[in-house]
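target_3.cif, holding mmCIF, C-alpha atoms:
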data_upload
#
loop_
_atom_site.label_atom_id
_atom_site.label_comp_id
_atom_site.auth_asym_id
_atom_site.auth_seq_id
_atom_site.Cartn_x
_atom_site.Cartn_y
_atom_site.Cartn_z
CA MET A 1 -10.13 19.07 -24.18
CA ALA A 2 -7.47 21.58 -23.14
CA SER A 3 -8.55 21.46 -19.49
CA VAL A 4 -8.27 17.68 -19.44
CA THR A 5 -4.81 17.83 -21.00
CA SER A 6 -3.63 20.49 -18.57
CA SER A 7 -4.79 18.41 -15.59
CA VAL A 8 -2.61 15.46 -16.60
CA ASP A 9 0.78 15.38 -14.90
CA ARG A 10 3.29 14.91 -17.71
CA ARG A 11 6.06 13.76 -15.42
CA GLY A 12 3.73 11.14 -13.96
CA VAL A 13 2.78 9.97 -17.46
CA THR A 14 6.45 9.68 -18.39
CA TRP A 15 7.30 7.60 -15.34
CA GLY A 16 4.21 5.47 -15.89
CA LEU A 17 5.17 4.73 -19.49
CA VAL A 18 8.72 3.88 -18.42
CA ALA A 19 7.34 1.42 -15.86
CA VAL A 20 5.08 -0.15 -18.50
CA ALA A 21 8.04 -0.51 -20.86
CA VAL A 22 10.00 -2.25 -18.09
CA VAL A 23 7.10 -4.69 -17.47
CA VAL A 24 6.77 -5.48 -21.19
CA ALA A 25 10.53 -5.97 -21.56
CA LEU A 26 10.62 -8.12 -18.44
CA THR A 27 7.80 -10.25 -19.83
CA PHE A 28 9.52 -10.69 -23.19
CA ILE A 29 12.96 -11.45 -21.79
CA GLY A 30 11.88 -13.38 -18.70
CA SER A 31 9.57 -15.68 -20.64
CA ASP A 32 12.41 -16.52 -23.05
CA ARG A 33 10.93 -14.39 -25.84
CA LEU A 34 7.38 -15.45 -24.98
CA VAL A 35 8.16 -19.19 -25.12
CA TRP A 36 6.86 -19.66 -21.58
CA PHE A 37 4.22 -16.95 -21.72
CA ASP A 38 0.74 -18.42 -21.26
CA ALA A 39 -1.61 -16.82 -23.80
CA ALA A 40 -4.53 -17.65 -21.50
CA LEU A 41 -3.15 -15.07 -19.08
CA VAL A 42 -3.09 -12.16 -21.54
CA GLY A 43 -6.07 -10.57 -19.76
CA TYR A 44 -4.17 -10.69 -16.49
CA LEU A 45 -1.18 -9.11 -18.22
CA PHE A 46 -3.38 -6.25 -19.40
CA GLY A 47 -4.56 -5.73 -15.83
CA VAL A 48 -0.97 -5.76 -14.53
CA VAL A 49 0.17 -3.24 -17.14
CA PHE A 50 -2.76 -0.93 -16.35
CA ALA A 51 -2.13 -1.25 -12.61
CA VAL A 52 1.59 -0.56 -12.99
CA PHE A 53 0.96 2.57 -15.05
CA GLY A 54 -1.74 3.81 -12.66
CA VAL A 55 0.26 3.14 -9.50
CA VAL A 56 3.45 4.75 -10.81
CA TYR A 57 1.53 7.75 -12.17
CA ARG A 58 -0.35 8.34 -8.93
CA TYR A 59 2.78 7.78 -6.84
CA ALA A 60 4.72 10.33 -8.91
CA VAL A 61 1.92 12.87 -8.45
CA TRP A 62 1.61 12.07 -4.75
CA LEU A 63 5.34 12.63 -4.20
CA ARG A 64 5.05 16.13 -5.66
CA ARG A 65 2.33 17.28 -3.26
CA PRO A 66 3.82 19.86 -0.87
CA PRO A 67 3.37 17.84 2.38
CA THR A 68 4.63 14.61 0.82
CA ALA A 69 7.51 16.35 -0.94
CA MET A 70 8.56 17.95 2.34
CA LEU A 71 8.40 14.66 4.29
CA ASN A 72 10.26 12.88 1.50
CA LYS A 73 13.00 15.51 1.51
CA ARG A 74 13.32 15.60 5.29
CA GLY A 75 13.30 11.81 5.51
CA TRP A 76 16.23 11.51 3.10
CA ASP A 77 18.04 14.36 4.85
CA ALA A 78 17.62 12.62 8.20
CA PHE A 79 18.79 9.29 6.76
CA LYS A 80 21.90 10.78 5.14
CA ALA A 81 22.79 12.71 8.28
CA ARG A 82 23.67 9.45 10.05
CA LYS A 83 23.90 6.85 7.32
CA ALA A 84 25.57 4.06 9.30
CA ARG A 85 23.19 4.22 12.26
CA ASN A 86 20.09 4.63 10.11
CA ALA A 87 21.11 1.81 7.75
CA ALA A 88 21.56 -0.48 10.75
CA ALA A 89 18.10 0.47 12.02
CA LEU A 90 16.44 -0.06 8.61
CA PRO A 91 15.68 -3.82 8.96
CA ALA A 92 13.96 -3.26 12.29
CA LEU A 93 11.92 -0.37 10.85
CA VAL A 94 10.87 -2.48 7.86
CA GLY A 95 9.82 -5.25 10.22
CA THR A 96 7.75 -3.00 12.48
CA HIS A 97 6.39 -0.35 10.09
CA VAL A 98 5.89 -2.35 6.87
CA LEU A 99 5.70 -6.06 7.68
CA GLY A 100 4.57 -6.25 11.31
CA GLN A 101 2.55 -2.99 11.28
CA THR A 102 2.92 -2.71 15.04
CA PHE A 103 1.51 0.82 15.02
CA ILE A 104 -1.90 -0.74 14.24
CA TYR A 105 -1.44 -3.32 17.01
CA ARG A 106 -1.12 -0.51 19.54
CA ARG A 107 -4.50 0.87 18.45
CA SER A 108 -6.44 -2.38 18.23
CA LYS A 109 -5.40 -6.03 18.21
CA THR A 110 -8.44 -6.96 16.10
CA ARG A 111 -7.66 -4.38 13.43
CA TRP A 112 -4.02 -5.49 13.45
CA LEU A 113 -5.00 -9.12 12.91
CA ALA A 114 -7.32 -8.18 10.03
CA HIS A 115 -4.62 -6.04 8.41
CA GLN A 116 -2.05 -8.81 8.75
CA LEU A 117 -4.34 -11.43 7.22
CA VAL A 118 -5.23 -9.25 4.24
CA PHE A 119 -1.66 -7.99 3.85
CA TRP A 120 0.00 -11.39 3.79
CA GLY A 121 -2.79 -12.87 1.69
CA CYS A 122 -2.28 -10.16 -0.94
CA VAL A 123 1.51 -10.42 -0.77
CA LEU A 124 1.41 -14.19 -1.24
CA ALA A 125 -1.04 -13.90 -4.13
CA ALA A 126 1.11 -11.23 -5.81
CA LEU A 127 4.31 -13.29 -5.42
CA ILE A 128 2.62 -16.15 -7.25
CA THR A 129 0.36 -14.39 -9.75
CA PHE A 130 2.71 -11.74 -11.13
CA PRO A 131 5.64 -14.06 -11.98
CA LEU A 132 3.24 -16.55 -13.60
CA THR A 133 1.51 -13.81 -15.57
CA LEU A 134 4.77 -12.32 -16.83
CA GLY A 135 6.13 -15.74 -17.77
CA LEU A 136 8.94 -15.49 -15.23
CA LEU A 137 7.84 -18.64 -13.38
CA HIS A 138 6.79 -22.02 -14.71
CA PHE A 139 6.94 -25.71 -13.80
CA GLN A 140 8.21 -28.69 -15.79
CA SER A 141 8.00 -32.37 -15.04
CA VAL A 142 11.30 -34.06 -14.33
CA GLY A 143 12.11 -36.72 -16.90
CA GLN A 144 9.39 -39.38 -17.06
CA GLN A 145 8.22 -38.77 -13.48
CA ALA A 146 4.75 -37.38 -13.87
CA ASP A 147 4.46 -36.42 -10.19
CA ARG A 148 7.83 -34.71 -9.84
CA TYR A 149 8.31 -31.10 -10.94
CA GLN A 150 11.07 -28.56 -11.19
CA VAL A 151 10.55 -24.84 -10.66
CA TYR A 152 11.97 -22.63 -13.40
CA VAL A 153 12.64 -18.91 -13.00
CA SER A 154 12.81 -17.84 -16.62
CA ARG A 155 15.22 -20.44 -18.10
CA VAL A 156 16.98 -21.22 -14.82
CA GLY A 157 15.96 -24.46 -13.15
CA THR A 158 15.73 -24.27 -9.37
CA ALA A 159 14.17 -26.54 -6.75
CA GLN A 160 12.46 -29.86 -7.44
CA PHE A 161 9.52 -31.26 -5.50
CA ASP A 162 7.02 -34.13 -5.53
CA ALA A 163 3.41 -33.17 -6.13
CA GLY A 164 2.22 -35.57 -3.43
CA THR A 165 4.32 -34.08 -0.64
CA VAL A 166 3.34 -31.30 1.75
CA ILE A 167 5.67 -28.93 -0.09
CA GLY A 168 4.05 -29.83 -3.40
CA TRP A 169 0.56 -29.29 -1.98
CA VAL A 170 1.54 -25.88 -0.58
CA ILE A 171 3.08 -24.81 -3.90
CA PHE A 172 0.08 -25.86 -5.99
CA HIS A 173 -2.40 -24.45 -3.48
CA GLY A 174 -0.52 -21.25 -2.67
CA LEU A 175 -3.27 -19.10 -4.16
CA ASP A 176 -5.89 -20.98 -2.14
CA ILE A 177 -3.94 -20.25 1.03
CA ALA A 178 -3.72 -16.60 0.03
CA ALA A 179 -7.48 -16.52 -0.60
CA VAL A 180 -8.26 -18.02 2.82
CA LEU A 181 -6.01 -15.47 4.54
CA ALA A 182 -7.60 -12.58 2.67
CA LEU A 183 -11.14 -13.84 3.34
CA ALA A 184 -10.44 -14.18 7.06
CA GLY A 185 -9.24 -10.57 7.15
CA VAL A 186 -12.25 -9.39 5.12
CA PHE A 187 -14.70 -11.04 7.53
CA ILE A 188 -12.97 -9.44 10.53
CA PHE A 189 -13.11 -6.03 8.84
CA LEU A 190 -16.77 -6.49 7.95
CA ARG A 191 -17.69 -7.51 11.49
CA ARG A 192 -15.96 -4.45 12.89
CA ARG A 193 -17.41 -2.04 10.34
CA LEU A 194 -20.94 -3.33 10.89
CA ASN A 195 -20.79 -3.30 14.71
CA ASP A 196 -18.28 -0.68 15.83
CA PRO A 197 -19.94 2.76 16.27
CA GLY A 198 -16.63 4.52 15.71
CA ALA A 199 -16.02 2.69 12.42
CA LEU A 200 -19.60 3.36 11.28
CA ALA A 201 -19.19 7.08 11.97
CA VAL A 202 -16.30 7.42 9.52
CA GLU A 203 -17.46 4.79 7.02
CA ARG A 204 -17.02 5.55 3.33
CA GLY A 205 -18.36 3.72 0.30
CA GLY A 206 -14.87 2.95 -0.95
CA ASP A 207 -14.12 0.94 2.20
CA PHE A 208 -16.83 -1.61 1.42
CA LEU A 209 -15.88 -1.62 -2.26
CA VAL A 210 -12.35 -2.78 -1.39
CA LEU A 211 -13.68 -5.52 0.87
CA ALA A 212 -16.16 -6.62 -1.80
CA GLY A 213 -13.37 -6.80 -4.37
CA LEU A 214 -11.12 -8.88 -2.12
CA PHE A 215 -14.07 -11.15 -1.31
CA ALA A 216 -14.94 -11.65 -5.00
CA VAL A 217 -11.36 -12.43 -6.06
CA SER A 218 -10.83 -14.86 -3.17
CA VAL A 219 -14.15 -16.71 -3.47
CA THR A 220 -14.02 -17.13 -7.25
CA GLY A 221 -10.45 -18.40 -6.94
CA LEU A 222 -11.47 -20.97 -4.34
CA PHE A 223 -14.40 -22.04 -6.54
CA LEU A 224 -11.89 -23.03 -9.23
CA THR A 225 -10.24 -25.44 -6.80
CA VAL A 226 -13.62 -26.80 -5.71
CA SER A 227 -14.61 -27.37 -9.33
CA SER A 228 -11.38 -29.17 -10.26
CA MET A 229 -11.09 -31.30 -7.10
CA TRP A 230 -14.66 -32.21 -6.21
CA LEU A 231 -16.93 -31.41 -9.17
CA ASP A 232 -14.93 -33.12 -11.94
CA GLY A 233 -14.33 -29.77 -13.63
CA GLN A 234 -17.98 -28.74 -13.87
CA PHE A 235 -18.54 -25.00 -14.41
CA TYR A 236 -14.76 -24.54 -14.52
CA SER A 237 -14.76 -22.53 -17.74
CA ALA A 238 -17.40 -20.10 -16.51
CA LEU A 239 -15.78 -19.80 -13.09
CA ASN A 240 -12.38 -19.21 -14.68
CA THR A 241 -13.80 -16.36 -16.77
CA LEU A 242 -15.51 -14.88 -13.71
CA HIS A 243 -12.35 -15.12 -11.62
CA ALA A 244 -10.25 -13.53 -14.37
CA LEU A 245 -12.75 -10.67 -14.59
CA THR A 246 -12.62 -9.99 -10.85
CA VAL A 247 -8.82 -10.07 -10.80
CA ILE A 248 -8.47 -7.78 -13.83
CA LEU A 249 -11.00 -5.29 -12.45
CA GLY A 250 -9.23 -5.43 -9.08
CA LEU A 251 -5.88 -4.66 -10.69
CA MET A 252 -7.42 -1.78 -12.65
CA TYR A 253 -8.98 -0.38 -9.47
CA LEU A 254 -5.75 -0.70 -7.47
CA PRO A 255 -4.31 2.76 -8.32
CA PHE A 256 -7.58 4.51 -7.45
CA GLY A 257 -8.80 2.74 -4.32
CA LYS A 258 -7.86 2.42 -0.70
CA LEU A 259 -5.34 -0.35 -1.39
CA PHE A 260 -3.03 2.25 -2.94
CA HIS A 261 -1.79 2.95 0.60
CA ILE A 262 0.14 -0.36 0.30
CA PHE A 263 2.58 1.54 -1.92
CA GLN A 264 2.56 4.59 0.33
CA ARG A 265 3.41 2.59 3.45
CA PRO A 266 7.21 2.45 2.83
CA GLY A 267 7.15 6.25 3.11
CA ASN A 268 6.63 5.74 6.84
CA LEU A 269 10.28 4.73 7.06
CA GLY A 270 11.30 8.26 6.10
CA VAL A 271 8.79 9.66 8.58
CA ALA A 272 10.37 7.53 11.32
CA TYR A 273 13.83 8.94 10.53
CA TYR A 274 12.33 12.44 10.43
CA LYS A 275 10.73 12.01 13.86
CA THR A 276 13.98 10.69 15.34
CA ALA A 277 15.95 13.63 13.96
CA ASN A 278 13.34 16.07 15.27
CA ALA A 279 13.38 14.49 18.74
CA GLU A 280 17.14 14.94 18.91
CA GLY A 281 17.10 18.50 17.52
CA PRO A 282 16.20 21.85 19.11
CA GLN A 283 12.67 22.47 20.33
CA ALA A 284 10.32 25.25 19.24
CA VAL A 285 9.50 27.74 22.02
CA CYS A 286 5.97 29.04 22.53
CA ARG A 287 5.79 32.78 21.92
CA ARG A 288 3.26 33.20 24.74
CA CYS A 289 4.51 31.08 27.62
CA GLY A 290 8.09 30.39 26.53
CA ASP A 291 7.87 26.61 26.96
CA GLY A 292 9.18 24.12 24.42
CA PHE A 293 6.39 22.17 22.77
CA ALA A 294 7.54 20.61 19.46
CA SER A 295 10.49 20.23 17.13
CA ALA A 296 11.72 23.53 15.72
CA GLN A 297 12.32 21.82 12.36
CA GLN A 298 8.76 20.46 12.24
CA ILE A 299 7.24 23.86 13.06
CA ALA A 300 9.38 25.53 10.39
CA ASP A 301 8.30 22.91 7.85
CA LEU A 302 4.65 23.45 8.76
CA GLN A 303 4.99 27.19 8.28
CA GLU A 304 6.48 26.57 4.84
CA VAL A 305 4.01 23.93 3.64
CA LEU A 306 0.67 25.20 4.96
CA PRO A 307 0.59 28.39 2.82
CA GLN A 308 1.21 26.21 -0.25
CA MET A 309 -1.93 24.27 0.71
CA GLY A 310 -4.01 27.43 1.08
CA PHE A 311 -3.84 27.72 4.88
CA ASP A 312 -2.34 30.98 6.12
CA TYR A 313 -1.92 31.04 9.90
CA GLY A 314 0.03 34.29 10.03
CA THR A 315 -1.08 36.78 12.68
CA ALA A 316 -1.38 40.55 12.78
CA ASP A 317 1.73 40.91 14.98
CA ASP A 318 3.89 39.35 12.25
CA GLY A 319 3.99 36.01 14.00
CA SER A 320 2.47 32.63 13.28
CA TYR A 321 -0.21 30.64 15.01
CA GLN A 322 2.12 27.66 14.68
CA ASP A 323 4.52 29.35 17.12
CA THR A 324 1.95 28.91 19.91
CA CYS A 325 1.85 25.74 22.00
CA PRO A 326 -1.40 23.72 22.18
CA ARG A 327 -2.09 24.82 25.76
CA CYS A 328 -1.88 28.49 24.88
CA ARG A 329 -3.99 27.93 21.78
CA ARG A 330 -6.78 26.53 23.93
CA ALA A 331 -6.39 29.46 26.33
CA SER A 332 -6.58 31.91 23.42
CA VAL A 333 -9.82 30.32 22.19
CA THR A 334 -11.30 30.54 25.68
CA LEU A 335 -10.32 34.21 26.05
CA ALA A 336 -11.72 35.02 22.60
CA GLN A 337 -15.03 33.36 23.43
CA SER A 338 -15.17 35.17 26.77
CA ALA A 339 -14.58 38.53 25.10
CA ARG A 340 -17.24 37.83 22.48
CA VAL A 341 -19.96 37.12 25.05
CA GLY A 342 -18.87 39.90 27.40
CA GLY A 343 -17.13 37.75 29.99
CA PHE A 344 -18.29 34.88 32.16
CA GLY A 345 -19.15 36.99 35.20
#
Just dump the structure as structure tokens.
Amino acid sequence: MASVTSSVDRRGVTWGLVAVAVVVALTFIGSDRLVWFDAALVGYLFGVVFAVFGVVYRYAVWLRRPPTAMLNKRGWDAFKARKARNAAALPALVGTHVLGQTFIYRRSKTRWLAHQLVFWGCVLAALITFPLTLGLLHFQSVGQQADRYQVYVSRVGTAQFDAGTVIGWVIFHGLDIAAVLALAGVFIFLRRRLNDPGALAVERGGDFLVLAGLFAVSVTGLFLTVSSMWLDGQFYSALNTLHALTVILGLMYLPFGKLFHIFQRPGNLGVAYYKTANAEGPQAVCRRCGDGFASAQQIADLQEVLPQMGFDYGTADDGSYQDTCPRCRRASVTLAQSARVGGFG
């Protein structure tokens, strides 16, 4: 029992509990003291609370890992060094690194398309599901007009729309649109993972588990629409229970699976600032050939972080392997192999 307790990060638990308290308070206040909270969604709320605690806990632990802590510190240092310029560049970085994910496009257009479909499908689903679950969003009919609705954010009335219009159809079928987007991305990923030799070589069981979860949530959600629109509500109760189960399990798996990198992705903004600062700063000089080969700051950070991770690259002559450029490293390996076998002559 003591070993389990000692392995739990107390700071992560504290931040996780604070996040849960915020979600509960937001639900109570935003739903007008639970007036607009739908009791049928209590299972979803449990899944959201669990996911929030898990994500915040893991994120807090992740930020304290030596490499992440170093990148986080250097990213903020680089941002604060030139606040005005970096703040002006922030929207473009968010567009390319977080929303557009252009770094994936440069590797493969197919992978980029799949990522975009899944990303925007999940974002759309979250923007609809979470406010509804927390009671922050609801719809009311306007007066005696049964086909006209007003959108309420908590107690504040906002836009009105007719159910029979295109806007009304999009609003009421937003989750269906999100499901179609996610399914399209899942199928592209599956095709690639089942046919690409490179993807098969690095395949892990968790990759297919994520795709299976997205597939289950999307398909069961679409089945609800099929049941209500074309089957006169047949099997709706069973399908609703099945869909709720897939969503709740998906939310509970979120902190532990591959989709956690969604929350890590904004950290790339700090990495971008760090790279820019390194490119403009002094270069490290190879101790063998004297040529510049990388940022001096990056090499110094590596020499500080690697020992904390259990990798000691110090050498007998009181230097560091990290002070050697890649070309000289390859030459050193070749010379060492030659000496071991007695030369190549």
Translate the PyMOL selection byres ((chain A and resi 22-27) around 8) into a concrete residue list for this structure, as a short mmCIF file (atom, residue, chain, number, x, y, z; two decimals) with C-alpha atoms, in the coordinates of the input.
data_model
loop_
_atom_site.label_atom_id
_atom_site.label_comp_id
_atom_site.auth_asym_id
_atom_site.auth_seq_id
_atom_site.Cartn_x
_atom_site.Cartn_y
_atom_site.Cartn_z
CA VAL A 18 8.72 3.88 -18.42
CA ALA A 19 7.34 1.42 -15.86
CA VAL A 20 5.08 -0.15 -18.50
CA ALA A 21 8.04 -0.51 -20.86
CA PHE A 28 9.52 -10.69 -23.19
CA ILE A 29 12.96 -11.45 -21.79
CA GLY A 30 11.88 -13.38 -18.70
CA SER A 31 9.57 -15.68 -20.64
CA ARG A 33 10.93 -14.39 -25.84
CA LEU A 34 7.38 -15.45 -24.98
CA PHE A 37 4.22 -16.95 -21.72
CA VAL A 49 0.17 -3.24 -17.14
CA LEU A 134 4.77 -12.32 -16.83
CA GLY A 135 6.13 -15.74 -17.77
CA LEU A 136 8.94 -15.49 -15.23
#
Could you list as a PDB file with C-alpha atoms, in the coordinates of the input every residue that has an atom within 12 Å of (9.3, 11.6, 8.2), using the file's coordinates and counting only C-alpha atoms?
ATOM      1  CA  PRO A  67       3.370  17.840   2.380  1.00  0.00           C
ATOM      2  CA  THR A  68       4.630  14.610   0.820  1.00  0.00           C
ATOM      3  CA  ALA A  69       7.510  16.350  -0.940  1.00  0.00           C
ATOM      4  CA  MET A  70       8.560  17.950   2.340  1.00  0.00           C
ATOM      5  CA  LEU A  71       8.400  14.660   4.290  1.00  0.00           C
ATOM      6  CA  ASN A  72      10.260  12.880   1.500  1.00  0.00           C
ATOM      7  CA  LYS A  73      13.000  15.510   1.510  1.00  0.00           C
ATOM      8  CA  ARG A  74      13.320  15.600   5.290  1.00  0.00           C
ATOM      9  CA  GLY A  75      13.300  11.810   5.510  1.00  0.00           C
ATOM     10  CA  TRP A  76      16.230  11.510   3.100  1.00  0.00           C
ATOM     11  CA  ASP A  77      18.040  14.360   4.850  1.00  0.00           C
ATOM     12  CA  ALA A  78      17.620  12.620   8.200  1.00  0.00           C
ATOM     13  CA  PHE A  79      18.790   9.290   6.760  1.00  0.00           C
ATOM     14  CA  ARG A 265       3.410   2.590   3.450  1.00  0.00           C
ATOM     15  CA  PRO A 266       7.210   2.450   2.830  1.00  0.00           C
ATOM     16  CA  GLY A 267       7.150   6.250   3.110  1.00  0.00           C
ATOM     17  CA  ASN A 268       6.630   5.740   6.840  1.00  0.00           C
ATOM     18  CA  LEU A 269      10.280   4.730   7.060  1.00  0.00           C
ATOM     19  CA  GLY A 270      11.300   8.260   6.100  1.00  0.00           C
ATOM     20  CA  VAL A 271       8.790   9.660   8.580  1.00  0.00           C
ATOM     21  CA  ALA A 272      10.370   7.530  11.320  1.00  0.00           C
ATOM     22  CA  TYR A 273      13.830   8.940  10.530  1.00  0.00           C
ATOM     23  CA  TYR A 274      12.330  12.440  10.430  1.00  0.00           C
ATOM     24  CA  LYS A 275      10.730  12.010  13.860  1.00  0.00           C
ATOM     25  CA  THR A 276      13.980  10.690  15.340  1.00  0.00           C
ATOM     26  CA  ALA A 277      15.950  13.630  13.960  1.00  0.00           C
ATOM     27  CA  ASN A 278      13.340  16.070  15.270  1.00  0.00           C
ATOM     28  CA  ALA A 279      13.380  14.490  18.740  1.00  0.00           C
ATOM     29  CA  GLN A 297      12.320  21.820  12.360  1.00  0.00           C
ATOM     30  CA  GLN A 298       8.760  20.460  12.240  1.00  0.00           C
ATOM     31  CA  ASP A 301       8.300  22.910   7.850  1.00  0.00           C
TER      32      ASP A 301
END
| task | Using the chain letters and residue numbers of this document, give as a count of residues only the residues selected by the PyMOL selection byres ((chain A and resi 251-262) around 7). | result | 16
| In Å, with one decimal, what is the gap from CA of His243 (chain A) to CA of Gly213 (chain A)? | 11.1 Å
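Interatomic distance, CA of Leu41 (chain A) against CA of Leu214 (chain A): 19.7 Å.
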| If the PyMOL selection byres ((chain A and resi 328-330) around 12) is run on the structure shown, which residues does it catch, given as a VMD selection string? | chain A and resid 285 to 293 320 to 327 331 to 337
For the selection you just gave me, I'd like the residues written to a file as a PDB file, keeping the file's coordinate frame, keeping C-alpha atoms.
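Written file, result_38.pdb:
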ATOM      1  CA  VAL A 285       9.500  27.740  22.020  1.00  0.00           C
ATOM      2  CA  CYS A 286       5.970  29.040  22.530  1.00  0.00           C
ATOM      3  CA  ARG A 287       5.790  32.780  21.920  1.00  0.00           C
ATOM      4  CA  ARG A 288       3.260  33.200  24.740  1.00  0.00           C
ATOM      5  CA  CYS A 289       4.510  31.080  27.620  1.00  0.00           C
ATOM      6  CA  GLY A 290       8.090  30.390  26.530  1.00  0.00           C
ATOM      7  CA  ASP A 291       7.870  26.610  26.960  1.00  0.00           C
ATOM      8  CA  GLY A 292       9.180  24.120  24.420  1.00  0.00           C
ATOM      9  CA  PHE A 293       6.390  22.170  22.770  1.00  0.00           C
ATOM     10  CA  SER A 320       2.470  32.630  13.280  1.00  0.00           C
ATOM     11  CA  TYR A 321      -0.210  30.640  15.010  1.00  0.00           C
ATOM     12  CA  GLN A 322       2.120  27.660  14.680  1.00  0.00           C
ATOM     13  CA  ASP A 323       4.520  29.350  17.120  1.00  0.00           C
ATOM     14  CA  THR A 324       1.950  28.910  19.910  1.00  0.00           C
ATOM     15  CA  CYS A 325       1.850  25.740  22.000  1.00  0.00           C
ATOM     16  CA  PRO A 326      -1.400  23.720  22.180  1.00  0.00           C
ATOM     17  CA  ARG A 327      -2.090  24.820  25.760  1.00  0.00           C
ATOM     18  CA  ALA A 331      -6.390  29.460  26.330  1.00  0.00           C
ATOM     19  CA  SER A 332      -6.580  31.910  23.420  1.00  0.00           C
ATOM     20  CA  VAL A 333      -9.820  30.320  22.190  1.00  0.00           C
ATOM     21  CA  THR A 334     -11.300  30.540  25.680  1.00  0.00           C
ATOM     22  CA  LEU A 335     -10.320  34.210  26.050  1.00  0.00           C
ATOM     23  CA  ALA A 336     -11.720  35.020  22.600  1.00  0.00           C
ATOM     24  CA  GLN A 337     -15.030  33.360  23.430  1.00  0.00           C
TER      25      GLN A 337
END
| request: Using CA of Asp162 (chain A) and CA of Asp147 (chain A) as the two end points, give the distance in Å to one decimal. | output: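 Computing the Euclidean distance for CA of Asp162 (chain A) and CA of Asp147 (chain A) yields 5.8 Å.
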Write out as JSON lines a residue-level contact list of region 58-172 of chain A versus region 180-186 of chain A with cut-off 8 Å: for each qualifying residue the closest pair of atoms and the distance in Å to one decimal, counting only C-alpha atoms, rows sorted by chain and residue number upward.
{"residue": "A:Leu113", "atom": "CA", "partner": "A:Gly185", "partner_atom": "CA", "distance": 7.3}
{"residue": "A:Ala114", "atom": "CA", "partner": "A:Gly185", "partner_atom": "CA", "distance": 4.2}
{"residue": "A:His115", "atom": "CA", "partner": "A:Gly185", "partner_atom": "CA", "distance": 6.6}
{"residue": "A:Gln116", "atom": "CA", "partner": "A:Gly185", "partner_atom": "CA", "distance": 7.6}
{"residue": "A:Leu117", "atom": "CA", "partner": "A:Gly185", "partner_atom": "CA", "distance": 5.0}
{"residue": "A:Val118", "atom": "CA", "partner": "A:Ala182", "partner_atom": "CA", "distance": 4.4}
{"residue": "A:Phe119", "atom": "CA", "partner": "A:Ala182", "partner_atom": "CA", "distance": 7.6}
{"residue": "A:Trp120", "atom": "CA", "partner": "A:Leu181", "partner_atom": "CA", "distance": 7.3}
{"residue": "A:Gly121", "atom": "CA", "partner": "A:Ala182", "partner_atom": "CA", "distance": 4.9}
{"residue": "A:Cys122", "atom": "CA", "partner": "A:Ala182", "partner_atom": "CA", "distance": 6.9}
| request: Fewer than 5 positions away in the same chain doesn't count, so skip those; otherwise give me all residues within 9 Å of Pro282 (chain A), counting only C-alpha atoms, as a list in words. | output: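 Contacts, in chain order: Ala294, Ser295, Ala296 and Gln297 of chain A.
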Take the residues from that selection and write them out as a PDB file, in the frame of the given file, keeping C-alpha atoms.
ATOM      1  CA  ALA A 294       7.540  20.610  19.460  1.00  0.00           C
ATOM      2  CA  SER A 295      10.490  20.230  17.130  1.00  0.00           C
ATOM      3  CA  ALA A 296      11.720  23.530  15.720  1.00  0.00           C
ATOM      4  CA  GLN A 297      12.320  21.820  12.360  1.00  0.00           C
TER       5      GLN A 297
END
| said: Around the point (5.4, 3.1, 14.4) (coordinates from the file), which residues reach within 10 Å if we count all atoms listed in the file? Answer as number ranges by chain. | reply: A: 93, 96-98, 100-106, 268-269, 271-272
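Remark: for Gly174 (chain A), the closest of the candidate residues A:Leu137, A:Leu127, A:Ala87, A:Val94 is A:Leu127 (distances computed over only C-alpha atoms).
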